[in-house]
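To keep things clear, I will list the structure first and then write my remarks on it.
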Amino acid sequence: MKLLINLVCAISFFLSQYAMAEEHPYVPYVARALSIKLSNDRTGIIKDVRCTGCDFTTVIITPKTRAYSNDVEVDLLEAKMWAGKPALVSFNPETREVQTIRWHE
């Protein structure tokens with residue numbers, strides 16, 4: 001029950017805050033458990049991403065990707081510590097590039 005309440009709160013927060021730094025076109029995806037692989041050069045992937053009309057489940061993290069904790073921009077490498085926790089991933093469905101990763105502590 002606690003997990004369900006936390007999930008609903010996280011989804012509500014993310015959906016009310018997601019349009020801050022994303023560029024068109026983008027798709028927001030709420031990950032219940034962020035499956036991220038990120039190297040020290042700030043490139044990597046996020047697996048298990050789904051969207052309507054997409055034929056892929058992996059998106060690409062580039063050095064241009066931005067990370068936000070509590071709506072404050074943080075170093076992208078901090079996203080590694082958020083693996084397995086809820087996060088909002090916004091990506092361009094045409095290039096599969098991640099624009100932002102957001103979470104709320």
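Each chain in the structure tokens gets a letter, A, B and so on, in the order shown; residues start at 1 in every chain, and ligands are counted from 1 in the order they appear.
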
*Near Thr57 in chain A, within 7 Å and counting only C-alpha atoms, which residues show up once chain neighbours fewer than 2 positions away are dropped, as a ChimeraX atom specification?*
/A:47-50,59

Output N, CA and C atoms for every residue in that selection, as a PDB file, in the first residue's frame.
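Result written to selection.pdb:
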```
ATOM      1  N   LYS A  47      16.977   1.693 -20.070  1.00  0.00           N
ATOM      2  CA  LYS A  47      16.228   0.578 -20.633  1.00  0.00           C
ATOM      3  C   LYS A  47      14.795   0.571 -20.115  1.00  0.00           C
ATOM      4  N   ASP A  48      13.975  -0.210 -20.775  1.00  0.00           N
ATOM      5  CA  ASP A  48      12.576  -0.434 -20.402  1.00  0.00           C
ATOM      6  C   ASP A  48      11.726   0.836 -20.494  1.00  0.00           C
ATOM      7  N   VAL A  49      11.986   1.658 -21.493  1.00  0.00           N
ATOM      8  CA  VAL A  49      11.202   2.872 -21.747  1.00  0.00           C
ATOM      9  C   VAL A  49      10.132   2.527 -22.768  1.00  0.00           C
ATOM     10  N   ARG A  50       8.912   2.971 -22.507  1.00  0.00           N
ATOM     11  CA  ARG A  50       7.805   2.671 -23.424  1.00  0.00           C
ATOM     12  C   ARG A  50       7.059   3.948 -23.782  1.00  0.00           C
ATOM     13  N   VAL A  59      16.565   4.133 -24.620  1.00  0.00           N
ATOM     14  CA  VAL A  59      16.866   5.489 -25.079  1.00  0.00           C
ATOM     15  C   VAL A  59      18.303   5.822 -24.703  1.00  0.00           C
TER      16      VAL A  59
END
```

*Write out as a ChimeraX atom specification each polymer residue whose atoms come within 12 Å of Glu73 in chain A, counting only C-alpha atoms; drop sequence neighbours fewer than 5 positions from it.*
/A:20-21,65-68,78-79,100-104

_Close residues, range 30-43 of chain A itself excluded, 8 Å, only C-alpha atoms, min 2 positions apart in chain, as a PyMOL selection string_ = chain A and resi 7+11+14+28+45-49+60-63+76-77+79-80+82-89

Generate the output file for the selected residues, C-alpha atoms, as a short mmCIF file (atom, residue, chain, number, x, y, z; two decimals), in the first residue's frame.
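Contents of part11.cif, freshly written:
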```
data_model
loop_
_atom_site.label_atom_id
_atom_site.label_comp_id
_atom_site.auth_asym_id
_atom_site.auth_seq_id
_atom_site.Cartn_x
_atom_site.Cartn_y
_atom_site.Cartn_z
CA LEU A 7 3.96 5.84 -6.86
CA ILE A 11 3.49 10.36 -10.91
CA PHE A 14 6.18 14.53 -12.35
CA PRO A 28 7.66 12.05 -21.01
CA ILE A 45 21.29 4.25 -21.88
CA ILE A 46 18.00 3.88 -20.08
CA LYS A 47 16.23 0.58 -20.63
CA ASP A 48 12.58 -0.43 -20.40
CA VAL A 49 11.20 2.87 -21.75
CA ILE A 60 20.28 7.13 -25.29
CA ILE A 61 21.88 9.46 -22.74
CA THR A 62 24.20 12.05 -24.27
CA PRO A 63 26.36 14.78 -22.70
CA LEU A 76 24.07 14.08 -14.69
CA LEU A 77 26.21 11.52 -12.84
CA ALA A 79 21.24 10.03 -11.91
CA LYS A 80 23.24 6.82 -11.39
CA TRP A 82 18.65 7.09 -8.66
CA ALA A 83 18.73 3.66 -10.35
CA GLY A 84 15.82 1.47 -9.30
CA LYS A 85 13.74 4.42 -8.05
CA PRO A 86 10.91 6.40 -9.73
CA ALA A 87 11.99 9.07 -12.20
CA LEU A 88 10.62 11.00 -15.16
CA VAL A 89 12.51 10.54 -18.41
#
```

*Looking only at the backbone, which of the residues in range 27-99 of chain A does DSSP tag as strand (DSSP E), as a ChimeraX atom specification?*
/A:27-31,35-38,44-47,59-61,66-69,72-74,87-91,98-99

Convert the current residue selection to file output with N, CA, C and O atoms, as a tab-separated table (two decimals), in the first residue's frame.
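So the final result, stored in part-v6.tsv, reads:
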```tsv
chain	number	residue	atom	x	y	z
A	27	VAL	N	8.79	13.12	-25.41
A	27	VAL	CA	7.82	12.23	-24.81
A	27	VAL	C	8.22	12.03	-23.35
A	27	VAL	O	9.35	11.63	-23.08
A	28	PRO	N	7.34	12.33	-22.41
A	28	PRO	CA	7.66	12.05	-21.01
A	28	PRO	C	7.29	10.60	-20.67
A	28	PRO	O	6.26	10.10	-21.10
A	29	TYR	N	8.16	9.94	-19.94
A	29	TYR	CA	7.90	8.57	-19.51
A	29	TYR	C	8.21	8.48	-18.02
A	29	TYR	O	9.31	8.82	-17.58
A	30	VAL	N	7.25	8.04	-17.23
A	30	VAL	CA	7.45	7.87	-15.79
A	30	VAL	C	7.93	6.44	-15.55
A	30	VAL	O	7.19	5.48	-15.75
A	31	ALA	N	9.19	6.34	-15.14
A	31	ALA	CA	9.78	5.04	-14.85
A	31	ALA	C	9.54	4.71	-13.38
A	31	ALA	O	9.92	5.49	-12.51
A	35	SER	N	15.99	2.22	-14.93
A	35	SER	CA	16.99	1.23	-15.35
A	35	SER	C	18.04	1.97	-16.18
A	35	SER	O	17.91	2.09	-17.40
A	36	ILE	N	19.04	2.49	-15.50
A	36	ILE	CA	20.02	3.38	-16.14
A	36	ILE	C	21.41	2.77	-16.10
A	36	ILE	O	21.79	2.13	-15.12
A	37	LYS	N	22.14	2.96	-17.20
A	37	LYS	CA	23.56	2.63	-17.28
A	37	LYS	C	24.24	3.89	-17.78
A	37	LYS	O	23.96	4.36	-18.88
A	38	LEU	N	25.13	4.44	-16.96
A	38	LEU	CA	25.74	5.73	-17.25
A	38	LEU	C	27.23	5.66	-16.96
A	38	LEU	O	27.64	5.26	-15.86
A	44	GLY	N	25.26	7.04	-21.99
A	44	GLY	CA	24.73	5.77	-21.52
A	44	GLY	C	23.37	5.50	-22.10
A	44	GLY	O	22.99	6.06	-23.13
A	45	ILE	N	22.62	4.63	-21.42
A	45	ILE	CA	21.29	4.25	-21.88
A	45	ILE	C	20.34	4.14	-20.70
A	45	ILE	O	20.77	3.99	-19.56
A	46	ILE	N	19.06	4.21	-21.02
A	46	ILE	CA	18.00	3.88	-20.08
A	46	ILE	C	17.16	2.82	-20.76
A	46	ILE	O	16.71	3.01	-21.89
A	47	LYS	N	16.98	1.69	-20.07
A	47	LYS	CA	16.23	0.58	-20.63
A	47	LYS	C	14.79	0.57	-20.12
A	47	LYS	O	14.47	1.23	-19.14
A	59	VAL	N	16.57	4.13	-24.62
A	59	VAL	CA	16.87	5.49	-25.08
A	59	VAL	C	18.30	5.82	-24.70
A	59	VAL	O	18.90	5.19	-23.82
A	60	ILE	N	18.86	6.83	-25.37
A	60	ILE	CA	20.28	7.13	-25.29
A	60	ILE	C	20.53	8.39	-24.47
A	60	ILE	O	19.92	9.43	-24.72
A	61	ILE	N	21.45	8.30	-23.52
A	61	ILE	CA	21.88	9.46	-22.74
A	61	ILE	C	23.11	10.05	-23.42
A	61	ILE	O	24.05	9.32	-23.75
A	66	ARG	N	20.17	16.56	-19.43
A	66	ARG	CA	20.18	17.29	-18.16
A	66	ARG	C	19.47	16.48	-17.08
A	66	ARG	O	18.51	15.75	-17.37
A	67	ALA	N	19.92	16.62	-15.84
A	67	ALA	CA	19.31	15.92	-14.71
A	67	ALA	C	18.83	16.95	-13.70
A	67	ALA	O	19.49	17.97	-13.47
A	68	TYR	N	17.64	16.69	-13.12
A	68	TYR	CA	17.04	17.61	-12.15
A	68	TYR	C	16.58	16.82	-10.93
A	68	TYR	O	15.88	15.83	-11.05
A	69	SER	N	16.98	17.30	-9.77
A	69	SER	CA	16.51	16.76	-8.51
A	69	SER	C	15.73	17.86	-7.81
A	69	SER	O	16.28	18.95	-7.58
A	72	VAL	N	15.87	21.29	-9.43
A	72	VAL	CA	17.14	21.99	-9.46
A	72	VAL	C	18.10	21.15	-10.29
A	72	VAL	O	18.25	19.95	-10.06
A	73	GLU	N	18.76	21.78	-11.28
A	73	GLU	CA	19.67	21.03	-12.12
A	73	GLU	C	20.86	20.53	-11.31
A	73	GLU	O	21.44	21.28	-10.52
A	74	VAL	N	21.18	19.26	-11.51
A	74	VAL	CA	22.31	18.62	-10.83
A	74	VAL	C	23.19	17.96	-11.88
A	74	VAL	O	22.81	17.82	-13.04
A	87	ALA	N	11.44	7.88	-11.56
A	87	ALA	CA	11.99	9.07	-12.20
A	87	ALA	C	11.20	9.36	-13.47
A	87	ALA	O	10.56	8.47	-14.03
A	88	LEU	N	11.25	10.60	-13.91
A	88	LEU	CA	10.62	11.00	-15.16
A	88	LEU	C	11.71	11.16	-16.21
A	88	LEU	O	12.68	11.89	-15.99
A	89	VAL	N	11.56	10.48	-17.32
A	89	VAL	CA	12.51	10.54	-18.41
A	89	VAL	C	11.81	11.17	-19.60
A	89	VAL	O	10.78	10.68	-20.05
A	90	SER	N	12.35	12.27	-20.11
A	90	SER	CA	11.80	12.91	-21.31
A	90	SER	C	12.80	12.69	-22.44
A	90	SER	O	13.99	12.96	-22.28
A	91	PHE	N	12.29	12.21	-23.57
A	91	PHE	CA	13.18	11.90	-24.68
A	91	PHE	C	12.55	12.26	-26.00
A	91	PHE	O	11.33	12.41	-26.10
A	98	VAL	N	17.74	11.17	-24.77
A	98	VAL	CA	17.14	11.64	-23.53
A	98	VAL	C	17.44	13.13	-23.39
A	98	VAL	O	18.59	13.55	-23.51
A	99	GLN	N	16.39	13.91	-23.14
A	99	GLN	CA	16.59	15.35	-22.93
A	99	GLN	C	16.75	15.63	-21.45
A	99	GLN	O	17.64	16.39	-21.06
```

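Counting only C-alpha atoms, the residue from A:Thr95, A:Thr52, A:Thr58, A:Asn70 that sits nearest to His24 in chain A is A:Thr95.
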